[in-house]
Amino acid sequence: MPSCIALIVAAGSGERFGSELPKQYLSLAGQPLVRRAIEAFRGHPAVSGVLVVYQPAHRALYDQATQGLGLPEPVPGGATRQDSGRLGLERLAAWPGGAPDYVLIHDAARPLVDAETISRVVAALEHAPAAIAAVQVIDTLKKWVDGFTAGTVDRSCLWRAQTPQGFRFSAILEAHRRLAGAGLTDDAAVAEAAGLPVALVPGSPDNIKVTTPIDLERAHRLLGGGVPDIRTGLGFDVHRFAPGDFVTLCGVRVPHSQSLEGHSDADVALHALTDALLGAISAGDIGSHFPPSDPQWRGVDSTVFLRHAVALVRARGGVIGHVDVTLICERPKVGPHRAAMVERLAEVLEVEPGRVSVKATTTEKLGFTGREEGIAAQAIATVVLLCP
């Protein structure tokens, strides 16, 4: 049997996902995406070894994700996807015991690759120097020009490329060396540009690439996680009035005879909502992330705090289902500004406005809010952890 090594490419930053944590290290049903990809190949009878191309800045994340797997030292990736593939191949060229006959190159962001797809790619290398898994396009495709359709595209010969992409090792190494720096987006494109015939074998519709939180939700469901983990967080905050001529509420500047006193911009609503999101994922409170004693937060826009909480939710593989904010004050009147507040919160949370509620109430002249000494706010956030 020809020797075959799987090269897992995990050197990207995953910026499109929108998480502080690189997407390949996000949890899918309790395991990082990259680990699931690795184990799919480690357990395949045609694969004799696995090598990972990674980003050295993520070393601690990599070590945690691959703990106990006994993998060889990972390869630092390059500036582009093509560079990372070539650097991994160069390491395999010096592989102990000699370079492999075949190499399977796979994206770490495809954690659900199945054994049958791997087998089909390997089998195709017996009669072709390169082979890729792909699924046929079934949707009707339209050209788009300035907001209108400009014709229908023939889909009969169109397929969506997946990974793994398999190659006879010496052929793809030579192609990568010759075309270094060409800016190609996958290894099959490198093979094609080098004149190598690329066989196409059926992939799987479930072999999805995780690029957005919606993709992660779909992957979770494909693993049988049909019942999501729904969390609720509660936040409450108070700020006293101080001299001034406006207050900031829900990120909106509202004219008033006084301002609110606080270390940041004193947006009592955003502070309560930030605490609600943090509470939903058991991540402490706003003070533990942004200590009021730290001068760098003096006067800062409180959307900074809220965006941080949103990023932490995403890093947990979660999405924001709904938020409900109640402002408690006699004045200013919230009603004229409610629509602007909803729009601003939806923008910062990156959800549709229908998932945001802003309300206001008074305390019938009772207590410190009734005496117009300050404003209180409470918030409830519903978070769905798709991959606990």
# chains A, B, ... in the order shown; residues from 1 in each chain; ligands from 1
>>> residues_around(residues="A:Asn207", least_positions_apart="5", cutoff="9 Å", atoms="only C-alpha atoms", output="PDB file with N, CA and C atoms, in the first residue's frame")
ATOM      1  N   ARG A 110     -12.833  22.102   8.407  1.00  0.00           N
ATOM      2  CA  ARG A 110     -13.788  21.067   7.973  1.00  0.00           C
ATOM      3  C   ARG A 110     -13.701  19.900   8.951  1.00  0.00           C
ATOM      4  N   PRO A 111     -14.401  19.994  10.081  1.00  0.00           N
ATOM      5  CA  PRO A 111     -14.241  18.986  11.136  1.00  0.00           C
ATOM      6  C   PRO A 111     -15.069  17.727  10.938  1.00  0.00           C
ATOM      7  N   LEU A 112     -15.963  17.702   9.942  1.00  0.00           N
ATOM      8  CA  LEU A 112     -16.886  16.569   9.802  1.00  0.00           C
ATOM      9  C   LEU A 112     -16.581  15.695   8.598  1.00  0.00           C
ATOM     10  N   VAL A 113     -15.339  15.719   8.121  1.00  0.00           N
ATOM     11  CA  VAL A 113     -14.991  14.864   6.987  1.00  0.00           C
ATOM     12  C   VAL A 113     -15.162  13.398   7.386  1.00  0.00           C
ATOM     13  N   ASP A 114     -15.720  12.614   6.483  1.00  0.00           N
ATOM     14  CA  ASP A 114     -16.017  11.220   6.804  1.00  0.00           C
ATOM     15  C   ASP A 114     -15.006  10.281   6.155  1.00  0.00           C
ATOM     16  N   THR A 117     -15.273   9.605   2.264  1.00  0.00           N
ATOM     17  CA  THR A 117     -14.722  10.651   1.393  1.00  0.00           C
ATOM     18  C   THR A 117     -13.204  10.535   1.315  1.00  0.00           C
ATOM     19  N   GLN A 162     -14.167  20.661  -2.006  1.00  0.00           N
ATOM     20  CA  GLN A 162     -13.991  20.440  -0.579  1.00  0.00           C
ATOM     21  C   GLN A 162     -12.549  20.004  -0.337  1.00  0.00           C
ATOM     22  N   THR A 163     -12.267  19.656   0.886  1.00  0.00           N
ATOM     23  CA  THR A 163     -11.045  18.950   1.221  1.00  0.00           C
ATOM     24  C   THR A 163     -11.469  17.684   1.972  1.00  0.00           C
ATOM     25  N   ALA A 219     -22.992  22.507  11.986  1.00  0.00           N
ATOM     26  CA  ALA A 219     -22.119  21.386  12.327  1.00  0.00           C
ATOM     27  C   ALA A 219     -22.576  20.726  13.619  1.00  0.00           C
TER      28      ALA A 219
END
>>> select_by_dssp(residues="stretch 272-373 of chain A", states="strand (DSSP E or B)", output="PyMOL selection string")
chain A and resi 318-328+356-361
>>> closest_residue(among="A:Gln82, A:Leu327, A:Ala360, A:Leu87", to="A:Ala188", atoms="only C-alpha atoms")
A:Gln82
>>> residues_around(residues="stretch 247-259 of chain A", least_positions_apart="5", cutoff="6 Å", atoms="only C-alpha atoms", output="JSON, numbers by chain")
{"A": [241, 242, 267, 269, 270, 341]}
>>> write_last_selection(atoms="N, CA and C atoms", output="CSV table (one decimal), in the first residue's frame")
chain,number,residue,atom,x,y,z
A,241,PHE,N,-26.7,61.2,38.7
A,241,PHE,CA,-26.6,62.4,37.8
A,241,PHE,C,-25.5,63.3,38.3
A,242,ALA,N,-25.0,64.0,37.3
A,242,ALA,CA,-23.9,65.0,37.6
A,242,ALA,C,-24.2,66.2,36.6
A,267,ASP,N,-22.8,54.9,30.4
A,267,ASP,CA,-24.0,54.4,29.7
A,267,ASP,C,-24.6,53.2,30.5
A,269,ALA,N,-27.3,51.6,30.5
A,269,ALA,CA,-27.9,50.5,29.8
A,269,ALA,C,-26.9,49.5,29.2
A,270,LEU,N,-25.9,50.1,28.6
A,270,LEU,CA,-24.9,49.2,28.0
A,270,LEU,C,-24.1,48.4,29.1
A,341,MET,N,-32.3,53.7,19.8
A,341,MET,CA,-31.6,52.8,20.7
A,341,MET,C,-31.6,51.4,20.3
>>> closest_residue(among="A:Leu222, A:Ala37, A:Ala29, A:Val348", to="A:Ala10", atoms="only C-alpha atoms")
A:Ala37
>>> select_by_dssp(residues="stretch 86-171 of chain A", states="helix (DSSP H, G or I)", output="PyMOL selection string")
chain A and resi 86-93+115-124+169-171
>>> closest_atom_pairs(of="stretch 209-307 of chain A", to="stretch 311-318 of chain A", cutoff="10 Å", atoms="only C-alpha atoms", output="JSON lines")
{"residue": "A:Thr212", "atom": "CA", "partner": "A:Arg314", "partner_atom": "CA", "distance": 10.0}
{"residue": "A:Pro213", "atom": "CA", "partner": "A:Gly317", "partner_atom": "CA", "distance": 7.1}
{"residue": "A:Ile214", "atom": "CA", "partner": "A:Gly318", "partner_atom": "CA", "distance": 9.8}
{"residue": "A:Leu216", "atom": "CA", "partner": "A:Gly317", "partner_atom": "CA", "distance": 7.2}
{"residue": "A:Glu217", "atom": "CA", "partner": "A:Gly317", "partner_atom": "CA", "distance": 8.0}
{"residue": "A:His220", "atom": "CA", "partner": "A:Gly317", "partner_atom": "CA", "distance": 9.7}
{"residue": "A:Pro228", "atom": "CA", "partner": "A:Gly318", "partner_atom": "CA", "distance": 9.6}
{"residue": "A:Asp229", "atom": "CA", "partner": "A:Gly318", "partner_atom": "CA", "distance": 9.0}
{"residue": "A:Ile230", "atom": "CA", "partner": "A:Gly318", "partner_atom": "CA", "distance": 9.3}
{"residue": "A:Arg231", "atom": "CA", "partner": "A:Gly318", "partner_atom": "CA", "distance": 9.7}
{"residue": "A:Leu277", "atom": "CA", "partner": "A:Val313", "partner_atom": "CA", "distance": 7.5}
{"residue": "A:Leu278", "atom": "CA", "partner": "A:Val313", "partner_atom": "CA", "distance": 7.9}
{"residue": "A:Ala280", "atom": "CA", "partner": "A:Val313", "partner_atom": "CA", "distance": 8.6}
{"residue": "A:Ile281", "atom": "CA", "partner": "A:Val313", "partner_atom": "CA", "distance": 6.8}
{"residue": "A:Ala283", "atom": "CA", "partner": "A:Leu312", "partner_atom": "CA", "distance": 8.3}
{"residue": "A:Leu306", "atom": "CA", "partner": "A:Ala311", "partner_atom": "CA", "distance": 8.7}
{"residue": "A:Arg307", "atom": "CA", "partner": "A:Ala311", "partner_atom": "CA", "distance": 6.2}
>>> write_last_selection(atoms="N, CA and C atoms", output="PDB file, in the first residue's frame")
ATOM      1  N   THR A 212     -18.687  30.842   9.424  1.00  0.00           N
ATOM      2  CA  THR A 212     -19.511  31.775  10.193  1.00  0.00           C
ATOM      3  C   THR A 212     -20.148  31.047  11.373  1.00  0.00           C
ATOM      4  N   PRO A 213     -20.709  31.779  12.337  1.00  0.00           N
ATOM      5  CA  PRO A 213     -21.413  31.120  13.438  1.00  0.00           C
ATOM      6  C   PRO A 213     -22.558  30.227  12.964  1.00  0.00           C
ATOM      7  N   ILE A 214     -23.190  30.583  11.853  1.00  0.00           N
ATOM      8  CA  ILE A 214     -24.266  29.742  11.323  1.00  0.00           C
ATOM      9  C   ILE A 214     -23.721  28.384  10.892  1.00  0.00           C
ATOM     10  N   LEU A 216     -21.185  26.894  12.232  1.00  0.00           N
ATOM     11  CA  LEU A 216     -20.903  26.152  13.458  1.00  0.00           C
ATOM     12  C   LEU A 216     -22.187  25.551  14.035  1.00  0.00           C
ATOM     13  N   GLU A 217     -23.276  26.313  13.945  1.00  0.00           N
ATOM     14  CA  GLU A 217     -24.572  25.795  14.401  1.00  0.00           C
ATOM     15  C   GLU A 217     -24.981  24.571  13.576  1.00  0.00           C
ATOM     16  N   HIS A 220     -22.976  21.535  14.563  1.00  0.00           N
ATOM     17  CA  HIS A 220     -23.459  20.993  15.834  1.00  0.00           C
ATOM     18  C   HIS A 220     -24.697  20.126  15.616  1.00  0.00           C
ATOM     19  N   PRO A 228     -30.208  22.780  21.677  1.00  0.00           N
ATOM     20  CA  PRO A 228     -29.137  23.702  22.036  1.00  0.00           C
ATOM     21  C   PRO A 228     -29.146  24.027  23.527  1.00  0.00           C
ATOM     22  N   ASP A 229     -28.039  24.506  23.993  1.00  0.00           N
ATOM     23  CA  ASP A 229     -27.868  24.906  25.384  1.00  0.00           C
ATOM     24  C   ASP A 229     -28.264  26.378  25.495  1.00  0.00           C
ATOM     25  N   ILE A 230     -29.438  26.647  26.050  1.00  0.00           N
ATOM     26  CA  ILE A 230     -29.963  28.010  26.135  1.00  0.00           C
ATOM     27  C   ILE A 230     -29.645  28.581  27.509  1.00  0.00           C
ATOM     28  N   ARG A 231     -28.974  29.727  27.514  1.00  0.00           N
ATOM     29  CA  ARG A 231     -28.572  30.392  28.754  1.00  0.00           C
ATOM     30  C   ARG A 231     -29.247  31.762  28.864  1.00  0.00           C
ATOM     31  N   LEU A 277     -24.829  39.640  29.260  1.00  0.00           N
ATOM     32  CA  LEU A 277     -24.173  38.715  28.333  1.00  0.00           C
ATOM     33  C   LEU A 277     -23.073  37.927  29.031  1.00  0.00           C
ATOM     34  N   LEU A 278     -22.278  38.611  29.844  1.00  0.00           N
ATOM     35  CA  LEU A 278     -21.217  37.917  30.577  1.00  0.00           C
ATOM     36  C   LEU A 278     -21.804  36.872  31.518  1.00  0.00           C
ATOM     37  N   ALA A 280     -24.573  35.238  31.126  1.00  0.00           N
ATOM     38  CA  ALA A 280     -25.131  34.107  30.380  1.00  0.00           C
ATOM     39  C   ALA A 280     -24.085  33.054  30.054  1.00  0.00           C
ATOM     40  N   ILE A 281     -22.828  33.461  29.933  1.00  0.00           N
ATOM     41  CA  ILE A 281     -21.769  32.495  29.624  1.00  0.00           C
ATOM     42  C   ILE A 281     -20.834  32.288  30.817  1.00  0.00           C
ATOM     43  N   ALA A 283     -18.992  34.329  32.605  1.00  0.00           N
ATOM     44  CA  ALA A 283     -17.680  34.945  32.353  1.00  0.00           C
ATOM     45  C   ALA A 283     -17.413  36.134  33.265  1.00  0.00           C
ATOM     46  N   LEU A 306     -19.417  46.273  25.468  1.00  0.00           N
ATOM     47  CA  LEU A 306     -20.436  45.382  24.925  1.00  0.00           C
ATOM     48  C   LEU A 306     -19.880  44.526  23.793  1.00  0.00           C
ATOM     49  N   ARG A 307     -19.086  45.115  22.915  1.00  0.00           N
ATOM     50  CA  ARG A 307     -18.496  44.334  21.816  1.00  0.00           C
ATOM     51  C   ARG A 307     -17.594  43.224  22.360  1.00  0.00           C
TER      52      ARG A 307
END
>>> closest_residue(among="A:Ala46, A:Ile105, A:Leu366, A:Val310", to="A:Glu347", atoms="only C-alpha atoms")
A:Val310
>>> atom_distance(atom1="atom CA of A:Pro353", atom2="atom CA of A:Ala339")
9.3 Å
>>> atom_distance(atom1="atom CA of A:Ala266", atom2="atom CA of A:His239")
6.7 Å
>>> atom_distance(atom1="atom CA of A:Tyr102", atom2="atom CA of A:Ala134")
18.9 Å
>>> decode(residues="stretch 204-347 of chain A", atoms="C-alpha atoms", output="PDB file, in the first residue's frame")
ATOM      1  CA  SER A 204     -20.277  14.752   1.281  1.00  0.00           C
ATOM      2  CA  PRO A 205     -22.824  17.538   1.857  1.00  0.00           C
ATOM      3  CA  ASP A 206     -22.022  17.210   5.559  1.00  0.00           C
ATOM      4  CA  ASN A 207     -18.323  17.971   5.004  1.00  0.00           C
ATOM      5  CA  ILE A 208     -18.975  21.663   5.570  1.00  0.00           C
ATOM      6  CA  LYS A 209     -16.418  24.396   6.085  1.00  0.00           C
ATOM      7  CA  VAL A 210     -16.976  26.413   9.249  1.00  0.00           C
ATOM      8  CA  THR A 211     -16.688  30.066   8.249  1.00  0.00           C
ATOM      9  CA  THR A 212     -19.511  31.775  10.193  1.00  0.00           C
ATOM     10  CA  PRO A 213     -21.413  31.120  13.438  1.00  0.00           C
ATOM     11  CA  ILE A 214     -24.266  29.742  11.323  1.00  0.00           C
ATOM     12  CA  ASP A 215     -21.895  27.102   9.929  1.00  0.00           C
ATOM     13  CA  LEU A 216     -20.903  26.152  13.458  1.00  0.00           C
ATOM     14  CA  GLU A 217     -24.572  25.795  14.401  1.00  0.00           C
ATOM     15  CA  ARG A 218     -25.138  23.519  11.417  1.00  0.00           C
ATOM     16  CA  ALA A 219     -22.119  21.386  12.327  1.00  0.00           C
ATOM     17  CA  HIS A 220     -23.459  20.993  15.834  1.00  0.00           C
ATOM     18  CA  ARG A 221     -26.813  19.833  14.500  1.00  0.00           C
ATOM     19  CA  LEU A 222     -25.150  17.374  12.133  1.00  0.00           C
ATOM     20  CA  LEU A 223     -23.451  15.814  15.148  1.00  0.00           C
ATOM     21  CA  GLY A 224     -26.844  15.231  16.712  1.00  0.00           C
ATOM     22  CA  GLY A 225     -26.886  18.274  18.953  1.00  0.00           C
ATOM     23  CA  GLY A 226     -30.499  19.089  18.135  1.00  0.00           C
ATOM     24  CA  VAL A 227     -31.220  20.560  21.567  1.00  0.00           C
ATOM     25  CA  PRO A 228     -29.137  23.702  22.036  1.00  0.00           C
ATOM     26  CA  ASP A 229     -27.868  24.906  25.384  1.00  0.00           C
ATOM     27  CA  ILE A 230     -29.963  28.010  26.135  1.00  0.00           C
ATOM     28  CA  ARG A 231     -28.572  30.392  28.754  1.00  0.00           C
ATOM     29  CA  THR A 232     -30.043  33.540  30.335  1.00  0.00           C
ATOM     30  CA  GLY A 233     -28.053  36.343  31.952  1.00  0.00           C
ATOM     31  CA  LEU A 234     -29.269  39.237  34.095  1.00  0.00           C
ATOM     32  CA  GLY A 235     -27.539  42.612  34.407  1.00  0.00           C
ATOM     33  CA  PHE A 236     -28.254  45.645  36.586  1.00  0.00           C
ATOM     34  CA  ASP A 237     -26.496  48.989  36.886  1.00  0.00           C
ATOM     35  CA  VAL A 238     -26.975  52.441  38.388  1.00  0.00           C
ATOM     36  CA  HIS A 239     -25.346  55.810  37.720  1.00  0.00           C
ATOM     37  CA  ARG A 240     -25.977  59.060  39.546  1.00  0.00           C
ATOM     38  CA  PHE A 241     -26.628  62.386  37.850  1.00  0.00           C
ATOM     39  CA  ALA A 242     -23.908  65.023  37.572  1.00  0.00           C
ATOM     40  CA  PRO A 243     -23.726  68.457  35.915  1.00  0.00           C
ATOM     41  CA  GLY A 244     -24.030  68.308  32.141  1.00  0.00           C
ATOM     42  CA  ASP A 245     -26.407  68.637  29.222  1.00  0.00           C
ATOM     43  CA  PHE A 246     -26.851  65.081  27.873  1.00  0.00           C
ATOM     44  CA  VAL A 247     -26.867  61.426  28.850  1.00  0.00           C
ATOM     45  CA  THR A 248     -25.761  58.416  26.795  1.00  0.00           C
ATOM     46  CA  LEU A 249     -28.260  55.563  26.869  1.00  0.00           C
ATOM     47  CA  CYS A 250     -28.004  52.405  24.741  1.00  0.00           C
ATOM     48  CA  GLY A 251     -25.233  54.120  22.788  1.00  0.00           C
ATOM     49  CA  VAL A 252     -27.467  57.079  21.877  1.00  0.00           C
ATOM     50  CA  ARG A 253     -26.803  60.659  22.998  1.00  0.00           C
ATOM     51  CA  VAL A 254     -29.970  62.041  24.607  1.00  0.00           C
ATOM     52  CA  PRO A 255     -30.245  65.783  25.478  1.00  0.00           C
ATOM     53  CA  HIS A 256     -30.988  66.346  29.180  1.00  0.00           C
ATOM     54  CA  SER A 257     -30.486  68.913  31.902  1.00  0.00           C
ATOM     55  CA  GLN A 258     -27.881  66.678  33.572  1.00  0.00           C
ATOM     56  CA  SER A 259     -25.344  64.020  32.673  1.00  0.00           C
ATOM     57  CA  LEU A 260     -24.513  60.691  34.240  1.00  0.00           C
ATOM     58  CA  GLU A 261     -21.425  60.259  36.378  1.00  0.00           C
ATOM     59  CA  GLY A 262     -19.147  57.294  35.743  1.00  0.00           C
ATOM     60  CA  HIS A 263     -15.630  56.177  34.954  1.00  0.00           C
ATOM     61  CA  SER A 264     -16.473  55.491  31.282  1.00  0.00           C
ATOM     62  CA  ASP A 265     -19.231  57.311  29.401  1.00  0.00           C
ATOM     63  CA  ALA A 266     -21.628  56.092  32.135  1.00  0.00           C
ATOM     64  CA  ASP A 267     -24.011  54.388  29.698  1.00  0.00           C
ATOM     65  CA  VAL A 268     -26.019  52.596  32.349  1.00  0.00           C
ATOM     66  CA  ALA A 269     -27.939  50.521  29.780  1.00  0.00           C
ATOM     67  CA  LEU A 270     -24.851  49.189  28.017  1.00  0.00           C
ATOM     68  CA  HIS A 271     -23.243  48.349  31.347  1.00  0.00           C
ATOM     69  CA  ALA A 272     -26.265  46.332  32.417  1.00  0.00           C
ATOM     70  CA  LEU A 273     -26.450  44.581  29.052  1.00  0.00           C
ATOM     71  CA  THR A 274     -22.734  43.772  29.099  1.00  0.00           C
ATOM     72  CA  ASP A 275     -23.173  42.144  32.494  1.00  0.00           C
ATOM     73  CA  ALA A 276     -26.170  40.195  31.218  1.00  0.00           C
ATOM     74  CA  LEU A 277     -24.173  38.715  28.333  1.00  0.00           C
ATOM     75  CA  LEU A 278     -21.217  37.917  30.577  1.00  0.00           C
ATOM     76  CA  GLY A 279     -23.555  36.287  33.047  1.00  0.00           C
ATOM     77  CA  ALA A 280     -25.131  34.107  30.380  1.00  0.00           C
ATOM     78  CA  ILE A 281     -21.769  32.495  29.624  1.00  0.00           C
ATOM     79  CA  SER A 282     -20.507  32.552  33.241  1.00  0.00           C
ATOM     80  CA  ALA A 283     -17.680  34.945  32.353  1.00  0.00           C
ATOM     81  CA  GLY A 284     -17.669  37.188  35.416  1.00  0.00           C
ATOM     82  CA  ASP A 285     -18.848  40.781  35.386  1.00  0.00           C
ATOM     83  CA  ILE A 286     -17.928  43.994  33.632  1.00  0.00           C
ATOM     84  CA  GLY A 287     -15.663  45.098  36.479  1.00  0.00           C
ATOM     85  CA  SER A 288     -13.501  41.988  36.185  1.00  0.00           C
ATOM     86  CA  HIS A 289     -12.877  42.680  32.496  1.00  0.00           C
ATOM     87  CA  PHE A 290     -12.691  46.478  32.691  1.00  0.00           C
ATOM     88  CA  PRO A 291     -11.697  47.519  36.235  1.00  0.00           C
ATOM     89  CA  PRO A 292     -12.968  51.030  37.088  1.00  0.00           C
ATOM     90  CA  SER A 293      -9.612  51.687  38.755  1.00  0.00           C
ATOM     91  CA  ASP A 294      -7.841  51.370  35.392  1.00  0.00           C
ATOM     92  CA  PRO A 295      -7.388  54.862  33.880  1.00  0.00           C
ATOM     93  CA  GLN A 296      -7.466  53.538  30.296  1.00  0.00           C
ATOM     94  CA  TRP A 297     -11.251  53.171  30.560  1.00  0.00           C
ATOM     95  CA  ARG A 298     -11.873  56.752  31.669  1.00  0.00           C
ATOM     96  CA  GLY A 299     -14.415  58.327  29.364  1.00  0.00           C
ATOM     97  CA  VAL A 300     -14.383  55.374  26.952  1.00  0.00           C
ATOM     98  CA  ASP A 301     -17.391  54.577  24.756  1.00  0.00           C
ATOM     99  CA  SER A 302     -19.229  51.735  26.512  1.00  0.00           C
ATOM    100  CA  THR A 303     -19.824  49.950  23.216  1.00  0.00           C
ATOM    101  CA  VAL A 304     -16.223  48.765  23.697  1.00  0.00           C
ATOM    102  CA  PHE A 305     -17.404  46.763  26.715  1.00  0.00           C
ATOM    103  CA  LEU A 306     -20.436  45.382  24.925  1.00  0.00           C
ATOM    104  CA  ARG A 307     -18.496  44.334  21.816  1.00  0.00           C
ATOM    105  CA  HIS A 308     -16.045  42.484  24.080  1.00  0.00           C
ATOM    106  CA  ALA A 309     -18.908  40.542  25.655  1.00  0.00           C
ATOM    107  CA  VAL A 310     -20.311  39.715  22.203  1.00  0.00           C
ATOM    108  CA  ALA A 311     -16.905  38.381  21.129  1.00  0.00           C
ATOM    109  CA  LEU A 312     -16.733  36.169  24.224  1.00  0.00           C
ATOM    110  CA  VAL A 313     -20.167  34.737  23.418  1.00  0.00           C
ATOM    111  CA  ARG A 314     -18.978  33.871  19.914  1.00  0.00           C
ATOM    112  CA  ALA A 315     -15.779  32.336  21.245  1.00  0.00           C
ATOM    113  CA  ARG A 316     -17.956  29.944  23.228  1.00  0.00           C
ATOM    114  CA  GLY A 317     -19.702  28.931  19.988  1.00  0.00           C
ATOM    115  CA  GLY A 318     -22.803  30.886  20.960  1.00  0.00           C
ATOM    116  CA  VAL A 319     -25.249  33.262  19.359  1.00  0.00           C
ATOM    117  CA  ILE A 320     -27.374  36.001  20.892  1.00  0.00           C
ATOM    118  CA  GLY A 321     -31.038  35.042  20.737  1.00  0.00           C
ATOM    119  CA  HIS A 322     -32.617  38.145  22.287  1.00  0.00           C
ATOM    120  CA  VAL A 323     -31.889  41.030  24.658  1.00  0.00           C
ATOM    121  CA  ASP A 324     -34.335  43.082  26.710  1.00  0.00           C
ATOM    122  CA  VAL A 325     -33.267  46.351  28.353  1.00  0.00           C
ATOM    123  CA  THR A 326     -35.375  48.352  30.819  1.00  0.00           C
ATOM    124  CA  LEU A 327     -34.398  51.909  31.743  1.00  0.00           C
ATOM    125  CA  ILE A 328     -35.697  53.140  35.095  1.00  0.00           C
ATOM    126  CA  CYS A 329     -35.947  56.920  35.432  1.00  0.00           C
ATOM    127  CA  GLU A 330     -38.361  59.834  35.656  1.00  0.00           C
ATOM    128  CA  ARG A 331     -36.494  61.807  33.024  1.00  0.00           C
ATOM    129  CA  PRO A 332     -35.349  62.026  30.272  1.00  0.00           C
ATOM    130  CA  LYS A 333     -38.191  60.503  28.300  1.00  0.00           C
ATOM    131  CA  VAL A 334     -37.001  57.418  26.473  1.00  0.00           C
ATOM    132  CA  GLY A 335     -39.895  57.028  24.026  1.00  0.00           C
ATOM    133  CA  PRO A 336     -38.701  59.543  21.405  1.00  0.00           C
ATOM    134  CA  HIS A 337     -35.314  57.796  21.262  1.00  0.00           C
ATOM    135  CA  ARG A 338     -36.414  54.163  21.524  1.00  0.00           C
ATOM    136  CA  ALA A 339     -36.120  53.333  17.816  1.00  0.00           C
ATOM    137  CA  ALA A 340     -32.611  54.804  17.615  1.00  0.00           C
ATOM    138  CA  MET A 341     -31.615  52.834  20.723  1.00  0.00           C
ATOM    139  CA  VAL A 342     -32.882  49.561  19.258  1.00  0.00           C
ATOM    140  CA  GLU A 343     -31.012  50.193  16.008  1.00  0.00           C
ATOM    141  CA  ARG A 344     -27.797  51.047  17.830  1.00  0.00           C
ATOM    142  CA  LEU A 345     -27.943  47.970  20.056  1.00  0.00           C
ATOM    143  CA  ALA A 346     -28.687  45.739  17.071  1.00  0.00           C
ATOM    144  CA  GLU A 347     -25.666  47.198  15.280  1.00  0.00           C
TER     145      GLU A 347
END
